[in-house]
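Written below as structure tokens is the structure these notes are about.
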Amino acid sequence: MEIYKENQLKIYNSLSKSKELFKPLTEGRVGMYVCGPTVYSNVHLGNVRTFMSFDMVFRYFLHLGYKVRYVRNITDAGHLENDADEGEDRIAKKARLEHIEPMEVVQRYTVDFHKTLQKYNFLPPSIEPTATGHIVEQIEMIKEILENGLAYEVNGSVYFDVLKYNESAHYGILSGRKMEDAIHNTRALDGQSDKKNPQDFALWKKAEERHIMRWTSPWSDGFPGWHLECSVMSTKYLGEQFDIHGGGMDLKFPHHECEIAQSQTCSGKTPVNYWMHANMLLLNSQKMAKSTGNYILPNEILTGENPVLSKAFAPSVVRFFNLQAHYRSILDFSNDALEASEKGYYKLMDAVNSLNTIEASSTSTFDVAAWKKQCYSAMNDDFNTPILIAHLFEAVKVINQLKDQKSALTVTDLEDFKNIINTFVFDVMGLTNETKKDSSNALDGVVELLIKLRKEARENKDWALSDQIRDELLALGIQLKDGREGTSFSIN
Ligand SMILES: [Zn+2]
């Protein structure tokens, strides 16, 4: 269903620094590119948060009825250890340290990346191109930039001439940096560099003797610069101009700034209409990063094997935790925060699971249409999942009232209510219906047993015992509710 026609989606565009009404280039279609991982190690939970934010965006577009081409690349060459085009290729370094082929490194971590995302219930992108699969196209783009006079060759390497580009365009348009500041802040070139100016970035690097990952080009045997692959692959699969480009906040500069410069030089057009940046996940109040050792692996969450964690958590709990924050907000990870999310997640699932036991009435006491509108409004306001979740918890309250016959819904309202809840919880947020793990399962069993004993006590008119069971459970935060269908309970 093309429900995008009745939804006015607004997206915060990093380029204009404001929320804009989303208007795709072609009606009914969305082209979206998201920078993928460099496959030299396992992704950490901070990376997963970024990709999860765009998975939610992808899912919402699909729900709205758009035909989406979602491209997320795999960087398997060209990403050096630092942003100044110096140091070793990350993948080559790993291969050297482990005495294996670079492509073995690539294979190992690409497989791991896919496995991880599968566990966390990601939808696969439409296309997942690799840098090494597009060397020919990258060489062609470098030729084009050279022809346009915005790159120069030195000793077999080719660099983008940032100062020259900045004469007719604005290098820094996305990150808000001024050229003068960039000049001021970039460290001076050491004698080794071939660059004319420190701001220039590599399009092609000549490979040193020991560098294994090398390809033949008109300039030297070497490898492409990291920023180039994204310009090449987004143009190839989405066109010179496309709707959305996403990535982590830390990629805004220099990576995305360089992408704009390269693409614009070749096409003469602004490549991207909406730039979206997802914010980071903190651990111990600091950014998660492999380089500092301050990180958690997504698999450790599922096994509980990390000193930060008190136990294992289900993948949907992590997804729920992430979506409780807006994708543009910084999120602080802690065991306590995750435990709080776990409670909320199971409360939501309990309510969803009991939806089918509710019977329709002749009247409605809850305005389903108005509530549905609020859910869409939240998502249409730059994918505001925390507000959506707040509306879903209003629904949880209503479900509990319906179970207690304190609220009523007609057949049509009840159908609509169920559909919307299921759509947002499972299709849009991507949660799965996990069963509670061991200890909570056992607790459920114990409470059910006490409910049975209480029922027997009541049948024997032993009101004192019956009340004692109810009151002492309540003191433990477990509330029994007597209804037409028997006794149910909730844990607060
Ligand atoms: Zn990229």
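Each chain of the structure tokens is named A, B, ... in the order shown, its residues numbered from 1; ligands are numbered from 1 in display order.
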
Once you count only C-alpha atoms and all ligand atoms, what closest atom pair and distance in Å to one decimal does each residue of chain A within 7 Å of ligand 1 have, with rows by chain and rising residue number, as a Markdown table?
| residue | atom | partner | partner_atom_place_in_ligand_line | distance |
| --- | --- | --- | --- | --- |
| A:Val34 | CA | ligand 1 | 1 (Zn) | 7.0 |
| A:Cys35 | CA | ligand 1 | 1 (Zn) | 4.0 |
| A:Gly36 | CA | ligand 1 | 1 (Zn) | 6.8 |
| A:His227 | CA | ligand 1 | 1 (Zn) | 6.2 |
| A:Cys230 | CA | ligand 1 | 1 (Zn) | 4.6 |
| A:His255 | CA | ligand 1 | 1 (Zn) | 6.5 |
| A:His256 | CA | ligand 1 | 1 (Zn) | 6.7 |

Output N, CA and C atoms of each residue in that selection to a file, as a short mmCIF file (atom, residue, chain, number, x, y, z; two decimals), in the first residue's frame.
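Final output, out_23.cif:
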data_model
loop_
_atom_site.label_atom_id
_atom_site.label_comp_id
_atom_site.auth_asym_id
_atom_site.auth_seq_id
_atom_site.Cartn_x
_atom_site.Cartn_y
_atom_site.Cartn_z
N VAL A 34 24.32 3.97 2.49
CA VAL A 34 24.88 4.06 3.84
C VAL A 34 26.29 3.48 3.83
N CYS A 35 27.23 4.22 4.42
CA CYS A 35 28.61 3.74 4.48
C CYS A 35 28.68 2.50 5.37
N GLY A 36 29.19 1.43 4.84
CA GLY A 36 29.27 0.17 5.57
C GLY A 36 30.57 0.01 6.33
N HIS A 227 37.93 7.41 0.35
CA HIS A 227 36.70 8.18 0.10
C HIS A 227 36.10 7.88 -1.27
N CYS A 230 32.93 5.22 -2.15
CA CYS A 230 31.53 5.57 -1.87
C CYS A 230 30.95 6.46 -2.97
N HIS A 255 35.29 12.15 5.56
CA HIS A 255 34.82 11.18 4.56
C HIS A 255 33.68 11.71 3.67
N HIS A 256 32.60 12.16 4.27
CA HIS A 256 31.46 12.60 3.46
C HIS A 256 31.73 13.91 2.72
#

Practice item. Step one, run DSSP on the backbone; step two, keep only residues of stretch 217-428 of chain A assigned to alpha helix (DSSP H); then write them as a VMD selection string. Key: chain A and resid 226 to 238 257 to 267 298 to 303 315 to 323 335 to 353 368 to 380 385 to 403 411 to 422

Practice item. Tell me which protein, DNA and RNA residues are within 10 Å of stretch 346-354 of chain A, counting only C-alpha atoms, leaving out same-chain ones fewer than 5 positions away, and put them as a list in words. Key: Ser316, Val317, Ser341, Ile389, Leu392, Phe393, Ala395, Val396, Lys397, Val398, Ile399, Asn400, Lys403, Lys418, Ile421, Asn422, Val425, Leu431, Thr432, Asn433, Glu434, Thr435, Lys436, Ser490, Ile491 and Asn492 of chain A

Check your understanding: Using only C-alpha atoms, which residues sit within 9 Å of stretch 113-128 of chain A once same-chain residues fewer than 5 positions away are excluded, as a PyMOL selection string?
Key -> chain A and resi 36-37+39+42-43+48+51-52+55-56+58-59+68-74+108+237+298-299+314-316+318-319+430-432

Practice item. Find, counting only C-alpha atoms, the residue in A:Ser231, A:Leu450, A:Gly149, A:Tyr40 that gets nearest to A:Arg96. Key: A:Tyr40
